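> The structure follows.
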Amino acid sequence: MKFYRPLGTISAITFDLDDTLYDNRPVIRRTELESIAFVQNYHPALREFQVVDFQRLRQELRQEEPDIYHDVTEWRRRSVERALLNAGLSGDAATRGAREAMENFALWRSRIEIAPETHQALEALASKRPLVAITNGNADPQQFGLAKYFRFILRAGPDGRSKPFNDMYALAAQRLGIAHREILHVGDDLTTDVAGALRCGMQTCWINLRGGNLMHIDDSRLLPHLEISRLASLVTLI
């Protein structure tokens, strides 16, 4: 555990999800493969549809609607719908197909293995302070056993712009009824989690799970209050 700024009172803790409480990389790889396979099998005209084609459609949508990236679920759904429309399906059929594709996506997206020590740490922390999840992603903690530790879960899109914008940080403080300065935000990303939460007036904890050096990382803009390499370290701190 390393300290870079003085810590104040910690009355609540907010957590990022992806790559903070579990390794999201293999989940995304598997989910993308299964999602593309679903689209390929949905209609004969899409048999050759590839990841690169999907990424092109995503970028087209973002160029047309720059703010769509704040809601990654809707961005994906619209991209699949456009692929089906381009394949010749009617509007209703494309909408139905996109809905089915998203159901398949959700199934794979939340097939996440949680380490026992993560459960233990969150259970211990939840017994001491209110915990909240703040995510830019679309994994469903209810499906992999983490939702029970959180008072509530905020998602980019439905609950405001994605981190590092302050929408969800501010909403968390409002719903908790706790001042920003008394909330510790924990996350793996130095831009969306550390810089975003600091600029909102929160205290921050960078969880460094891959042995990075804070002094030599390109996206290190603002120093967190502390750095940890294991979630269990927070249990001894709080």
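Residues are referred to by chain and number: the chain letter is A, B, ... according to the order shown in the structure tokens, the number counts from 1 in that chain, and ligands are numbered separately from 1 in the order shown.
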Can you tell me, as a ChimeraX atom specification, what residues are no more than 12 Å from stretch 107-119 of chain A when counting only C-alpha atoms, ignoring any on the same chain fewer than 6 positions away?
/A:17-36,38,73,100-101,125-126,137-150,230-235
> Using DSSP on the backbone coordinates, identify the residues of stretch 77-135 of chain A assigned to strand (DSSP E); present them as a list in words.
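In stretch 77-135 of chain A, DSSP puts these residues in strand (DSSP E): Leu131, Val132, Ala133, Ile134 and Thr135 of chain A.
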> Restricted to N, CA and C atoms, what would the selected residues look like written as a PDB file, in the first residue's frame?

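File produced: selection.pdb:
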```
ATOM      1  N   LEU A 131     -21.275   0.589   0.268  1.00  0.00           N
ATOM      2  CA  LEU A 131     -20.528   0.414  -0.974  1.00  0.00           C
ATOM      3  C   LEU A 131     -21.448   0.663  -2.159  1.00  0.00           C
ATOM      4  N   VAL A 132     -20.894   1.249  -3.211  1.00  0.00           N
ATOM      5  CA  VAL A 132     -21.640   1.539  -4.441  1.00  0.00           C
ATOM      6  C   VAL A 132     -20.756   1.156  -5.624  1.00  0.00           C
ATOM      7  N   ALA A 133     -21.352   0.604  -6.664  1.00  0.00           N
ATOM      8  CA  ALA A 133     -20.619   0.320  -7.902  1.00  0.00           C
ATOM      9  C   ALA A 133     -20.927   1.402  -8.924  1.00  0.00           C
ATOM     10  N   ILE A 134     -19.887   1.875  -9.603  1.00  0.00           N
ATOM     11  CA  ILE A 134     -20.024   2.894 -10.659  1.00  0.00           C
ATOM     12  C   ILE A 134     -19.288   2.371 -11.889  1.00  0.00           C
ATOM     13  N   THR A 135     -20.014   2.054 -12.938  1.00  0.00           N
ATOM     14  CA  THR A 135     -19.388   1.387 -14.075  1.00  0.00           C
ATOM     15  C   THR A 135     -19.727   2.038 -15.412  1.00  0.00           C
TER      16      THR A 135
END
```
> Could you go through stretch 61-193 of chain A and tell me which residues DSSP, when run on the backbone, assigns to helix (DSSP H, G or I), listing them as a CSV table (one decimal) with N, CA, C and O atoms, in the first residue's frame?

```csv
chain,number,residue,atom,x,y,z
A,61,LEU,N,-21.7,5.0,-36.3
A,61,LEU,CA,-22.7,5.5,-35.3
A,61,LEU,C,-22.2,6.7,-34.5
A,61,LEU,O,-22.8,7.7,-34.2
A,62,ARG,N,-21.0,6.5,-34.0
A,62,ARG,CA,-20.4,7.5,-33.1
A,62,ARG,C,-20.1,8.8,-33.9
A,62,ARG,O,-20.2,9.9,-33.3
A,63,GLN,N,-19.8,8.7,-35.1
A,63,GLN,CA,-19.6,9.9,-35.9
A,63,GLN,C,-20.9,10.6,-36.1
A,63,GLN,O,-20.9,11.9,-36.1
A,64,GLU,N,-22.0,9.9,-36.3
A,64,GLU,CA,-23.3,10.5,-36.4
A,64,GLU,C,-23.9,11.0,-35.1
A,64,GLU,O,-24.5,12.0,-35.1
A,66,PRO,N,-22.2,11.6,-31.6
A,66,PRO,CA,-21.0,11.5,-30.8
A,66,PRO,C,-21.2,11.0,-29.3
A,66,PRO,O,-20.3,10.4,-28.7
A,67,ASP,N,-22.3,11.3,-28.8
A,67,ASP,CA,-22.6,11.0,-27.3
A,67,ASP,C,-23.0,9.6,-27.1
A,67,ASP,O,-23.2,9.2,-26.0
A,68,ILE,N,-23.2,8.8,-28.2
A,68,ILE,CA,-23.7,7.5,-28.0
A,68,ILE,C,-22.8,6.6,-27.2
A,68,ILE,O,-23.2,5.6,-26.6
A,69,TYR,N,-21.5,6.9,-27.2
A,69,TYR,CA,-20.5,6.0,-26.5
A,69,TYR,C,-20.7,6.0,-25.0
A,69,TYR,O,-20.2,5.1,-24.3
A,70,HIS,N,-21.5,7.0,-24.5
A,70,HIS,CA,-21.7,6.9,-23.0
A,70,HIS,C,-22.6,5.7,-22.6
A,70,HIS,O,-22.5,5.3,-21.4
A,72,VAL,N,-22.8,2.1,-23.6
A,72,VAL,CA,-22.2,1.0,-24.4
A,72,VAL,C,-23.2,-0.1,-24.8
A,72,VAL,O,-23.1,-0.7,-25.9
A,73,THR,N,-24.3,-0.3,-24.0
A,73,THR,CA,-25.3,-1.3,-24.4
A,73,THR,C,-26.1,-0.8,-25.6
A,73,THR,O,-26.3,-1.6,-26.5
A,74,GLU,N,-26.6,0.4,-25.5
A,74,GLU,CA,-27.4,0.9,-26.6
A,74,GLU,C,-26.5,1.1,-27.8
A,74,GLU,O,-27.0,0.9,-29.0
A,75,TRP,N,-25.3,1.5,-27.7
A,75,TRP,CA,-24.4,1.6,-28.8
A,75,TRP,C,-24.2,0.3,-29.5
A,75,TRP,O,-24.3,0.2,-30.7
A,76,ARG,N,-24.1,-0.8,-28.8
A,76,ARG,CA,-24.0,-2.1,-29.4
A,76,ARG,C,-25.3,-2.5,-30.0
A,76,ARG,O,-25.3,-3.0,-31.1
A,77,ARG,N,-26.4,-2.3,-29.3
A,77,ARG,CA,-27.7,-2.7,-29.9
A,77,ARG,C,-27.9,-2.0,-31.2
A,77,ARG,O,-28.4,-2.6,-32.2
A,78,ARG,N,-27.7,-0.7,-31.3
A,78,ARG,CA,-27.9,0.0,-32.5
A,78,ARG,C,-27.0,-0.4,-33.6
A,78,ARG,O,-27.3,-0.4,-34.8
A,79,SER,N,-25.8,-0.8,-33.3
A,79,SER,CA,-24.8,-1.3,-34.3
A,79,SER,C,-25.2,-2.6,-34.9
A,79,SER,O,-25.2,-2.8,-36.1
A,80,VAL,N,-25.7,-3.5,-34.0
A,80,VAL,CA,-26.3,-4.8,-34.5
A,80,VAL,C,-27.5,-4.5,-35.4
A,80,VAL,O,-27.6,-5.2,-36.5
A,81,GLU,N,-28.3,-3.7,-34.9
A,81,GLU,CA,-29.5,-3.4,-35.7
A,81,GLU,C,-29.2,-2.8,-37.1
A,81,GLU,O,-29.8,-3.2,-38.1
A,82,ARG,N,-28.1,-2.0,-37.2
A,82,ARG,CA,-27.7,-1.4,-38.5
A,82,ARG,C,-27.1,-2.6,-39.3
A,82,ARG,O,-27.4,-2.6,-40.5
A,83,ALA,N,-26.4,-3.5,-38.7
A,83,ALA,CA,-25.9,-4.6,-39.5
A,83,ALA,C,-27.0,-5.4,-40.1
A,83,ALA,O,-26.9,-5.9,-41.3
A,84,LEU,N,-28.1,-5.6,-39.4
A,84,LEU,CA,-29.2,-6.4,-39.9
A,84,LEU,C,-30.0,-5.6,-41.0
A,84,LEU,O,-30.4,-6.2,-41.9
A,85,LEU,N,-30.1,-4.4,-40.8
A,85,LEU,CA,-30.7,-3.5,-41.8
A,85,LEU,C,-29.9,-3.6,-43.1
A,85,LEU,O,-30.5,-3.7,-44.2
A,86,ASN,N,-28.6,-3.5,-42.9
A,86,ASN,CA,-27.7,-3.5,-44.1
A,86,ASN,C,-27.8,-4.9,-44.8
A,86,ASN,O,-27.6,-4.9,-46.0
A,91,GLY,N,-37.3,-3.1,-40.9
A,91,GLY,CA,-37.0,-2.4,-39.6
A,91,GLY,C,-37.5,-3.2,-38.4
A,91,GLY,O,-36.7,-3.3,-37.4
A,92,ASP,N,-38.7,-3.8,-38.5
A,92,ASP,CA,-39.2,-4.6,-37.4
A,92,ASP,C,-38.3,-5.8,-37.1
A,92,ASP,O,-38.0,-6.2,-36.0
A,93,ALA,N,-37.9,-6.5,-38.2
A,93,ALA,CA,-37.1,-7.7,-38.1
A,93,ALA,C,-35.7,-7.4,-37.5
A,93,ALA,O,-35.1,-8.1,-36.7
A,94,ALA,N,-35.2,-6.2,-38.0
A,94,ALA,CA,-33.8,-5.8,-37.5
A,94,ALA,C,-33.9,-5.5,-36.0
A,94,ALA,O,-33.0,-5.8,-35.2
A,95,THR,N,-35.0,-4.8,-35.6
A,95,THR,CA,-35.1,-4.5,-34.2
A,95,THR,C,-35.3,-5.7,-33.3
A,95,THR,O,-34.6,-5.8,-32.3
A,96,ARG,N,-36.0,-6.7,-33.8
A,96,ARG,CA,-36.2,-7.9,-33.1
A,96,ARG,C,-34.9,-8.7,-33.0
A,96,ARG,O,-34.5,-9.2,-32.0
A,97,GLY,N,-34.2,-8.7,-34.1
A,97,GLY,CA,-32.9,-9.4,-34.2
A,97,GLY,C,-31.9,-8.8,-33.3
A,97,GLY,O,-31.1,-9.5,-32.6
A,98,ALA,N,-31.8,-7.5,-33.2
A,98,ALA,CA,-30.9,-6.8,-32.3
A,98,ALA,C,-31.2,-7.1,-30.9
A,98,ALA,O,-30.3,-7.2,-30.0
A,99,ARG,N,-32.5,-7.1,-30.6
A,99,ARG,CA,-32.9,-7.5,-29.2
A,99,ARG,C,-32.5,-8.9,-28.8
A,99,ARG,O,-31.9,-9.1,-27.7
A,100,GLU,N,-32.6,-9.8,-29.7
A,100,GLU,CA,-32.2,-11.2,-29.4
A,100,GLU,C,-30.7,-11.3,-29.3
A,100,GLU,O,-30.1,-12.0,-28.5
A,101,ALA,N,-30.0,-10.5,-30.2
A,101,ALA,CA,-28.5,-10.5,-30.1
A,101,ALA,C,-28.0,-9.9,-28.8
A,101,ALA,O,-27.1,-10.4,-28.2
A,102,MET,N,-28.7,-8.9,-28.2
A,102,MET,CA,-28.4,-8.4,-27.0
A,102,MET,C,-28.7,-9.3,-25.8
A,102,MET,O,-27.9,-9.3,-24.8
A,103,GLU,N,-29.7,-10.1,-25.9
A,103,GLU,CA,-30.0,-11.1,-24.9
A,103,GLU,C,-28.8,-12.1,-24.9
A,103,GLU,O,-28.4,-12.6,-23.8
A,104,ASN,N,-28.4,-12.5,-26.1
A,104,ASN,CA,-27.2,-13.4,-26.2
A,104,ASN,C,-26.0,-12.8,-25.6
A,104,ASN,O,-25.2,-13.4,-24.8
A,105,PHE,N,-25.8,-11.5,-25.9
A,105,PHE,CA,-24.6,-10.8,-25.4
A,105,PHE,C,-24.6,-10.7,-23.9
A,105,PHE,O,-23.6,-11.0,-23.2
A,106,ALA,N,-25.8,-10.4,-23.3
A,106,ALA,CA,-25.9,-10.3,-21.9
A,106,ALA,C,-25.6,-11.6,-21.2
A,106,ALA,O,-25.0,-11.7,-20.1
A,107,LEU,N,-25.9,-12.7,-21.8
A,107,LEU,CA,-25.7,-14.1,-21.3
A,107,LEU,C,-24.2,-14.3,-21.1
A,107,LEU,O,-23.7,-14.7,-20.0
A,108,TRP,N,-23.4,-14.0,-22.1
A,108,TRP,CA,-22.0,-14.2,-22.1
A,108,TRP,C,-21.2,-13.1,-21.3
A,108,TRP,O,-20.2,-13.4,-20.7
A,109,ARG,N,-21.7,-11.9,-21.4
A,109,ARG,CA,-21.0,-10.7,-20.8
A,109,ARG,C,-20.9,-10.9,-19.3
A,109,ARG,O,-20.0,-10.4,-18.6
A,116,PRO,N,-12.5,-15.9,-4.6
A,116,PRO,CA,-13.1,-15.9,-3.2
A,116,PRO,C,-12.6,-14.8,-2.3
A,116,PRO,O,-13.4,-14.2,-1.5
A,117,GLU,N,-11.3,-14.4,-2.5
A,117,GLU,CA,-10.8,-13.3,-1.7
A,117,GLU,C,-11.5,-11.9,-2.0
A,117,GLU,O,-11.6,-11.1,-1.1
A,118,THR,N,-12.0,-11.8,-3.2
A,118,THR,CA,-12.8,-10.6,-3.6
A,118,THR,C,-14.1,-10.6,-2.8
A,118,THR,O,-14.5,-9.5,-2.3
A,119,HIS,N,-14.8,-11.7,-2.8
A,119,HIS,CA,-16.0,-11.8,-2.0
A,119,HIS,C,-15.7,-11.5,-0.5
A,119,HIS,O,-16.5,-10.8,0.1
A,120,GLN,N,-14.7,-12.1,0.0
A,120,GLN,CA,-14.3,-11.9,1.4
A,120,GLN,C,-14.1,-10.4,1.7
A,120,GLN,O,-14.6,-9.9,2.7
A,121,ALA,N,-13.3,-9.7,0.8
A,121,ALA,CA,-13.0,-8.3,1.1
A,121,ALA,C,-14.2,-7.5,1.0
A,121,ALA,O,-14.4,-6.6,1.8
A,122,LEU,N,-15.1,-7.7,-0.1
A,122,LEU,CA,-16.3,-6.9,-0.2
A,122,LEU,C,-17.2,-7.1,0.9
A,122,LEU,O,-17.9,-6.1,1.4
A,123,GLU,N,-17.4,-8.3,1.4
A,123,GLU,CA,-18.3,-8.6,2.5
A,123,GLU,C,-17.8,-7.8,3.8
A,123,GLU,O,-18.6,-7.2,4.5
A,124,ALA,N,-16.5,-7.9,4.0
A,124,ALA,CA,-15.9,-7.2,5.2
A,124,ALA,C,-16.1,-5.7,5.0
A,124,ALA,O,-16.5,-5.0,6.0
A,125,LEU,N,-15.8,-5.1,3.9
A,125,LEU,CA,-16.0,-3.7,3.7
A,125,LEU,C,-17.4,-3.3,3.8
A,125,LEU,O,-17.7,-2.2,4.4
A,126,ALA,N,-18.4,-4.1,3.3
A,126,ALA,CA,-19.8,-3.7,3.3
A,126,ALA,C,-20.3,-3.7,4.7
A,126,ALA,O,-21.3,-3.1,5.0
A,141,PRO,N,-23.7,-7.4,-12.1
A,141,PRO,CA,-23.2,-8.0,-10.9
A,141,PRO,C,-24.2,-9.0,-10.3
A,141,PRO,O,-23.8,-9.9,-9.5
A,142,GLN,N,-25.5,-8.8,-10.6
A,142,GLN,CA,-26.5,-9.7,-10.0
A,142,GLN,C,-26.2,-11.2,-10.5
A,142,GLN,O,-26.5,-12.2,-9.8
A,143,GLN,N,-25.7,-11.3,-11.7
A,143,GLN,CA,-25.5,-12.5,-12.4
A,143,GLN,C,-24.2,-13.2,-11.9
A,143,GLN,O,-24.0,-14.4,-12.1
A,147,ALA,N,-23.7,-8.1,-6.6
A,147,ALA,CA,-24.7,-7.1,-6.4
A,147,ALA,C,-25.1,-7.0,-4.9
A,147,ALA,O,-25.4,-5.9,-4.4
A,148,LYS,N,-25.0,-8.1,-4.2
A,148,LYS,CA,-25.4,-8.1,-2.8
A,148,LYS,C,-24.6,-7.2,-1.9
A,148,LYS,O,-25.0,-6.8,-0.8
A,149,TYR,N,-23.4,-6.8,-2.3
A,149,TYR,CA,-22.5,-6.0,-1.5
A,149,TYR,C,-22.8,-4.5,-1.7
A,149,TYR,O,-22.3,-3.7,-0.9
A,167,ASP,N,-21.0,12.9,-13.7
A,167,ASP,CA,-22.4,12.6,-13.5
A,167,ASP,C,-22.6,11.5,-12.5
A,167,ASP,O,-23.4,11.7,-11.5
A,168,MET,N,-22.0,10.4,-12.7
A,168,MET,CA,-22.3,9.2,-11.8
A,168,MET,C,-21.7,9.4,-10.4
A,168,MET,O,-22.2,9.0,-9.4
A,169,TYR,N,-20.5,10.1,-10.4
A,169,TYR,CA,-19.9,10.4,-9.1
A,169,TYR,C,-20.8,11.3,-8.2
A,169,TYR,O,-21.0,11.0,-7.1
A,170,ALA,N,-21.3,12.3,-8.9
A,170,ALA,CA,-22.2,13.2,-8.2
A,170,ALA,C,-23.5,12.6,-7.8
A,170,ALA,O,-24.0,12.8,-6.7
A,171,LEU,N,-24.0,11.7,-8.6
A,171,LEU,CA,-25.3,11.0,-8.3
A,171,LEU,C,-25.0,10.1,-7.1
A,171,LEU,O,-25.9,9.9,-6.3
A,172,ALA,N,-23.9,9.4,-7.1
A,172,ALA,CA,-23.6,8.5,-6.0
A,172,ALA,C,-23.6,9.3,-4.7
A,172,ALA,O,-24.2,8.9,-3.7
A,173,ALA,N,-22.9,10.4,-4.6
A,173,ALA,CA,-22.8,11.2,-3.4
A,173,ALA,C,-24.2,11.7,-3.0
A,173,ALA,O,-24.6,11.7,-1.8
A,174,GLN,N,-25.0,12.1,-4.0
A,174,GLN,CA,-26.4,12.6,-3.7
A,174,GLN,C,-27.3,11.5,-3.1
A,174,GLN,O,-27.9,11.7,-2.1
A,175,ARG,N,-27.2,10.3,-3.7
A,175,ARG,CA,-28.1,9.2,-3.3
A,175,ARG,C,-27.6,8.7,-1.9
A,175,ARG,O,-28.4,8.2,-1.1
A,176,LEU,N,-26.3,8.7,-1.7
A,176,LEU,CA,-25.8,8.3,-0.4
A,176,LEU,C,-26.0,9.4,0.7
A,176,LEU,O,-26.1,9.0,1.9
A,180,HIS,N,-18.9,14.6,-1.2
A,180,HIS,CA,-17.9,14.0,-2.1
A,180,HIS,C,-16.5,13.7,-1.4
A,180,HIS,O,-15.9,12.6,-1.6
A,181,ARG,N,-16.1,14.6,-0.5
A,181,ARG,CA,-14.8,14.5,0.1
A,181,ARG,C,-14.7,13.3,1.0
A,181,ARG,O,-13.6,12.9,1.4
A,182,GLU,N,-15.8,12.8,1.4
A,182,GLU,CA,-15.8,11.6,2.4
A,182,GLU,C,-16.1,10.3,1.7
A,182,GLU,O,-16.3,9.3,2.3
A,190,LEU,N,-6.5,5.0,-14.5
A,190,LEU,CA,-6.0,6.3,-13.9
A,190,LEU,C,-6.7,7.5,-14.5
A,190,LEU,O,-6.6,8.6,-13.9
A,191,THR,N,-7.4,7.3,-15.6
A,191,THR,CA,-8.1,8.5,-16.2
A,191,THR,C,-9.6,8.5,-15.7
A,191,THR,O,-10.0,9.4,-15.1
A,192,THR,N,-10.3,7.4,-16.0
A,192,THR,CA,-11.7,7.4,-15.7
A,192,THR,C,-12.0,7.3,-14.2
A,192,THR,O,-12.9,8.0,-13.7
A,193,ASP,N,-11.2,6.6,-13.5
A,193,ASP,CA,-11.4,6.4,-12.1
A,193,ASP,C,-10.7,7.4,-11.2
A,193,ASP,O,-11.3,8.1,-10.4
```
> One number please: atom CA of A:Gln55 to atom CA of A:Tyr42, in Å, one decimal.
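That distance, rounded to one decimal, is 18.2 Å.
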> Can you tell me how far atom CA of A:Phe152 sits from atom CA of A:Val186, in Å to one decimal?
15.5 Å
> Figure out the distance between atom CA of A:Asn136 and atom CA of A:Ala179, please, to one decimal in Å.
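Separation between atom CA of A:Ala179 and atom CA of A:Asn136: 22.3 Å.
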> Give me, as a tab-separated table, the closest atom pair and its distance (Å, one decimal) for every residue of stretch 65-168 of chain A within a cut-off of 9 Å of stretch 199-217 of chain A, counting only C-alpha atoms, rows sorted by chain and rising number.

```
residue	atom	partner	partner_atom	distance
A:Pro164	CA	A:Arg199	CA	8.6
A:Phe165	CA	A:Cys200	CA	8.5
A:Asn166	CA	A:Cys200	CA	5.9
```
